[in-house]
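Below: the structure, in structure tokens.
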Amino acid sequence: MKPNGIITFTTDFGDTDGYVGIMKGVILSINPDARLVDISNQVPGHDIGAGAFLLNYSYRYFPVGTVHLVIVDPGVGSTRRAIAVETDNYYFIAPDNGILHYLFQTEKDVKVIDIQNRNYALEKISRTFHGRDIFAPAAAHLSRGLPIDELGPHITDVEHGKITSPEIDADKITGEIAYIDRFGNLICNIPGFVIGNRSCSIQILDFQIGKLSDSYSAGDPGMPVAIIGSSGYLEIAVNKHSAKKFLNAALGDRITVHFNGHGEQ
Amino acid sequence: MKPNGIITFTTDFGDTDGYVGIMKGVILSINPDARLVDISNQVPGHDIGAGAFLLNYSYRYFPVGTVHLVIVDPGVGSTRRAIAVETDNYYFIAPDNGILHYLFQTEKDVKVIDIQNRNYALEKISRTFHGRDIFAPAAAHLSRGLPIDELGPHITDVEHGKITSPEIDADKITGEIAYIDRFGNLICNIPGFVIGNRSCSIQILDFQIGKLSDSYSAGDPGMPVAIIGSSGYLEIAVNKHSAKKFLNAALGDRITVHFNGHGEQ
Amino acid sequence: MKPNGIITFTTDFGDTDGYVGIMKGVILSINPDARLVDISNQVPGHDIGAGAFLLNYSYRYFPVGTVHLVIVDPGVGSTRRAIAVETDNYYFIAPDNGILHYLFQTEKDVKVIDIQNRNYALEKISRTFHGRDIFAPAAAHLSRGLPIDELGPHITDVEHGKITSPEIDADKITGEIAYIDRFGNLICNIPGFVIGNRSCSIQILDFQIGKLSDSYSAGDPGMPVAIIGSSGYLEIAVNKHSAKKFLNAALGDRITVHFNGHGEQ
């Protein structure tokens, strides 16, 4: 894999304070040819779980050789490590706090580096903005061809974070709401493939949904439907309205898929 | 017209969930040289009228050969068509739901294609995210020179949407608020040229404005003024304050321009 | 200094209405090779002080030859001038209203031009959107190599704005909150170097902070700490929470640094 010059941003820095702009300035000072693409800088503040989930359903759509810069970093200034990761198709730069959780669960042949080499950081490193001082420079150097091993030593004991995996039983799967999007769609941590095409009903809070549908518009107007969403995960939606508001739902709320007997649907 | 490699985004996808970032990844996977510019991804959710109006006052400022990707798509997953449009100067990729309303009213020699050719879509097409699976790939292919006819058959029966045009009478024009901007300025669907330089007064809700002014600061401090705004449309503003709040106004509220006699101003 | 083709945006235009997108279209029509980077388009509306402060801690991170386009412009349409500035390392395009306050205080050898040459503006200049009609074209022309003197005559009487500098006494420094970031951190107009490493206590509103700390996490959990932030300025923060909410603080609130005796810390 060769870097392609693209660097993406997935952060909780928002777009008001210039923090992402500053990182872009740092990157362009190191690699003037870098091409910079925001995935999202609106991850809920310090929410590692939501950021990890958002990254997980997004990063595969970029071309091989993209550097993904991922910063949700409540522990900045503490002893948490900064890591660089190389998979078959991508590079990642992130704090070692679980934000790459799904990646470590699904990608093989992952090389992880503890970013210790300060030759590839800004000269003065602050206590509070490693995005600018360490992460952005590392991403910029990778994007122009620096071998990842130059950034520091290999490690194998990465932090997986406090991210809940669904419980999978013969007759049911119990998961939770992992992400809520702008439209109020509730995206759960249950991948579609573990449900497969089995007949099921879905319980979320006190609400029962009788089956899995094909599209937002399949249900009764204004009522929640359960679908396998574009992210590949189970999703509760209300066509043209907010499922979040309808169900008064929040991140972490439990969702259960009950299978109806053992036959195919 | 040759494509210039620029693709713009006008959507209601917001900037929190990564949806626009994913589309950019898809585009860069197809056309690594594409240059991506957001017009706005904050069109009010599912509001075809506001999106159409915003696009209308924006798209002409881009260089000839730009591809405008426009997605406000409450009908995703239904039978509404996806269309590609070629005008003298631009390409447009959009759902066929009225979001290109103003374009069809003002541009001549418009070629419209029903995007049916799945060779230029992602392999797996979801029910809920055609932006990623159909629209972004089509825009990427156009931006690297694919002839628009390759995307599908010509059509002539485009959907114009439920967008109200102003009523133009000899003594008055009746229109409505078509867009409200960040500063609370109320932009109406009445183009400046239909008023011309005739003497007039403007009624909005219960409020009367005695004349058309030249600039925000022309009126009494803190009071609404009517101007022909930078978009070329009639606009109600309060200098350094929000006309929306002052008048408690909303999208769709009626506005009437009354002409004073028949002479020039 | 040669322009490097990068143009940054620091404005209060928001990202909903397409105004920044339109400016980018104008720029790409003049300089198709321009590379466009947002610093922030979310400066609080018409807040020259906050915009000036944000720009000040951001612009130095960009490579030499960058054009910084800075528009917070409550006086658009009035007689305020549009200016172009050249420093040793950067160009700036802005209204002459104090938005470049800190720049004029810290940069030497600053050349300031009153942008009067309408050959480098759009043909039709509106009263309300000089960002599109005057500022963006000027930035685009600079970025492709136009000598700054072509834009208009030199001036020396720039507007410094109503931006308060801290009062520096032997035993105390009195400043104010100059910026509040997304995380609720309170950034003051007191640069770290004027405090140096002297022992001090900090008073903000009714709250006393006994010393200057090294990092967010140095204080009691949930309690405010004072640090020299990543911007180089005194900052009041609550680790993983909002100091703004904790202290019910607002822009302009007074902050006082009291020195403890005359010794080094």
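Going by the structure tokens order, chains are called A, B, ..., each with residues numbered from 1, while ligands are numbered from 1 in the order shown.
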Find the residues around Val257 of chain B up to 9 Å (only C-alpha atoms counted), leave out those fewer than 2 positions away in its own chain, and share them as a ChimeraX atom specification.
-> /B:171-175,195,200-204,255,259
Could you pull the residues within 12 Å of Thr106 of chain A, counting only C-alpha atoms, minus those fewer than 4 positions along the same chain, as an NGL selection string?
-> :A and (56-57 or 60 or 87-88 or 100-102 or 110)
Keeping only C-alpha atoms, write those residues as a CSV table (one decimal), in the first residue's frame.
chain,number,residue,atom,x,y,z
A,56,ASN,CA,-16.5,2.2,11.4
A,57,TYR,CA,-19.3,2.7,8.9
A,60,ARG,CA,-14.1,1.8,4.0
A,87,THR,CA,-4.1,-2.2,7.8
A,88,ASP,CA,-4.2,-3.8,4.3
A,100,LEU,CA,-10.4,2.3,16.8
A,101,HIS,CA,-12.4,-0.5,18.6
A,102,TYR,CA,-14.3,-1.8,15.6
A,110,VAL,CA,-3.0,-4.8,11.7
For segment 192-194 of chain B: contacts at 8 Å, only C-alpha atoms, fewer than 5 positions along chain excluded, given as a list in words = Ile228, Gly232, Tyr233 and Leu234 of chain B
Counting only C-alpha atoms, figure out which residue out of B:Ala237, B:Ile163, B:Ile134, B:Ile27 gets nearest to chain C.
->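 Selected residue with least distance to chain C: B:Ala237.
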Contacts between chain A and chain C, please, where a residue of chain C counts if it comes within 9 Å (with only C-alpha atoms); show its shortest atom pair and distance in Å to one decimal, rows by chain and ascending number, as a tab-separated table.
residue	atom	partner	partner_atom	distance
C:Asn4	CA	A:Pro32	CA	8.8
C:Thr8	CA	A:Gly21	CA	8.4
C:Thr10	CA	A:Gly18	CA	8.4
C:Val37	CA	A:Gly21	CA	6.8
C:Asp38	CA	A:Gly21	CA	5.8
C:Ile39	CA	A:Gly21	CA	4.2
C:Ser40	CA	A:Gly18	CA	5.1
C:Asn41	CA	A:Thr16	CA	6.9
C:Gln42	CA	A:Thr16	CA	4.8
C:Val43	CA	A:Thr16	CA	6.5
C:Pro44	CA	A:Thr16	CA	8.7
C:Leu54	CA	A:Asp17	CA	6.8
C:Leu55	CA	A:Gly18	CA	8.1
C:Tyr57	CA	A:Ile22	CA	8.8
C:Ser58	CA	A:Ile22	CA	5.6
C:Tyr59	CA	A:Ile22	CA	7.5
C:Arg60	CA	A:Gly25	CA	8.3
C:Tyr61	CA	A:Gly25	CA	5.1
C:Phe62	CA	A:Gly25	CA	4.1
C:Pro63	CA	A:Ser29	CA	4.8
C:Val64	CA	A:Ser29	CA	8.2
C:Ile180	CA	A:Asp17	CA	8.5
C:Asp181	CA	A:Asp17	CA	5.9
C:Arg182	CA	A:Asp17	CA	6.7
C:Phe183	CA	A:Gly45	CA	7.5
C:Asp214	CA	A:Arg127	CA	7.2
C:Ser215	CA	A:Arg127	CA	5.8
C:Tyr216	CA	A:Thr128	CA	7.4
C:Ser217	CA	A:Ser78	CA	7.7
C:Gly229	CA	A:Thr128	CA	6.8
C:Ser230	CA	A:Ser126	CA	5.8
C:Asn239	CA	A:Pro74	CA	8.5
C:Lys240	CA	A:Pro74	CA	6.5
Enumerate as a list of chain:residue names all residues of segment 158-208 of chain A assigned to helix (DSSP H, G or I) by DSSP on the backbone, naming them with the chain letters and numbers the document uses.
->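 Result set for segment 158-208 of chain A (helix (DSSP H, G or I)): A:Gly192, A:Phe193, A:Val194, A:Ile195.
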Please produce a file of the residues just selected, as a PDB file, in the first residue's frame, where the atoms kept are N, CA and C atoms.
ATOM      1  N   GLY A 192     -26.303  -6.422  10.524  1.00  0.00           N
ATOM      2  CA  GLY A 192     -27.362  -7.131   9.818  1.00  0.00           C
ATOM      3  C   GLY A 192     -27.058  -8.599   9.612  1.00  0.00           C
ATOM      4  N   PHE A 193     -25.796  -8.931   9.418  1.00  0.00           N
ATOM      5  CA  PHE A 193     -25.486 -10.322   9.056  1.00  0.00           C
ATOM      6  C   PHE A 193     -25.718 -11.295  10.208  1.00  0.00           C
ATOM      7  N   VAL A 194     -25.726 -10.838  11.457  1.00  0.00           N
ATOM      8  CA  VAL A 194     -26.004 -11.772  12.559  1.00  0.00           C
ATOM      9  C   VAL A 194     -27.508 -12.048  12.690  1.00  0.00           C
ATOM     10  N   ILE A 195     -28.322 -11.176  12.109  1.00  0.00           N
ATOM     11  CA  ILE A 195     -29.761 -11.462  12.036  1.00  0.00           C
ATOM     12  C   ILE A 195     -30.039 -12.334  10.822  1.00  0.00           C
TER      13      ILE A 195
END
What are the DSSP strand (DSSP E or B) residues of segment 37-254 of chain B, as an NGL selection string?
-> :B and (37-40 or 66-71 or 82-86 or 90-95 or 111-114 or 154 or 167-168 or 172-180 or 186-191 or 198-204 or 207-209 or 212-213 or 224-228 or 233-238 or 241 or 254)
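The neighbours of Val238 of chain B here are the residues that come within 12 Å of it, using only C-alpha atoms and leaving out any residue fewer than 6 positions away in the same chain; they are B:Phe183, B:Gly184, B:Asn185, B:Leu186, B:Ile209, B:Ser213, B:Ser215, B:Tyr216, B:Ser217, B:Ala218, B:Gly219, B:Asp220, B:Pro221, B:Gly222, B:Met223, B:Pro224, B:Val225, B:Ala226, B:Ile227, B:Lys244, B:Lys245, B:Phe246, B:Leu247, C:Pro74.
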Between atom CA of Asp114 of chain B and atom CA of Val85 of chain B - distance in Å to one decimal =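 Atom CA of Asp114 of chain B lies at a distance of 9.0 Å from atom CA of Val85 of chain B.
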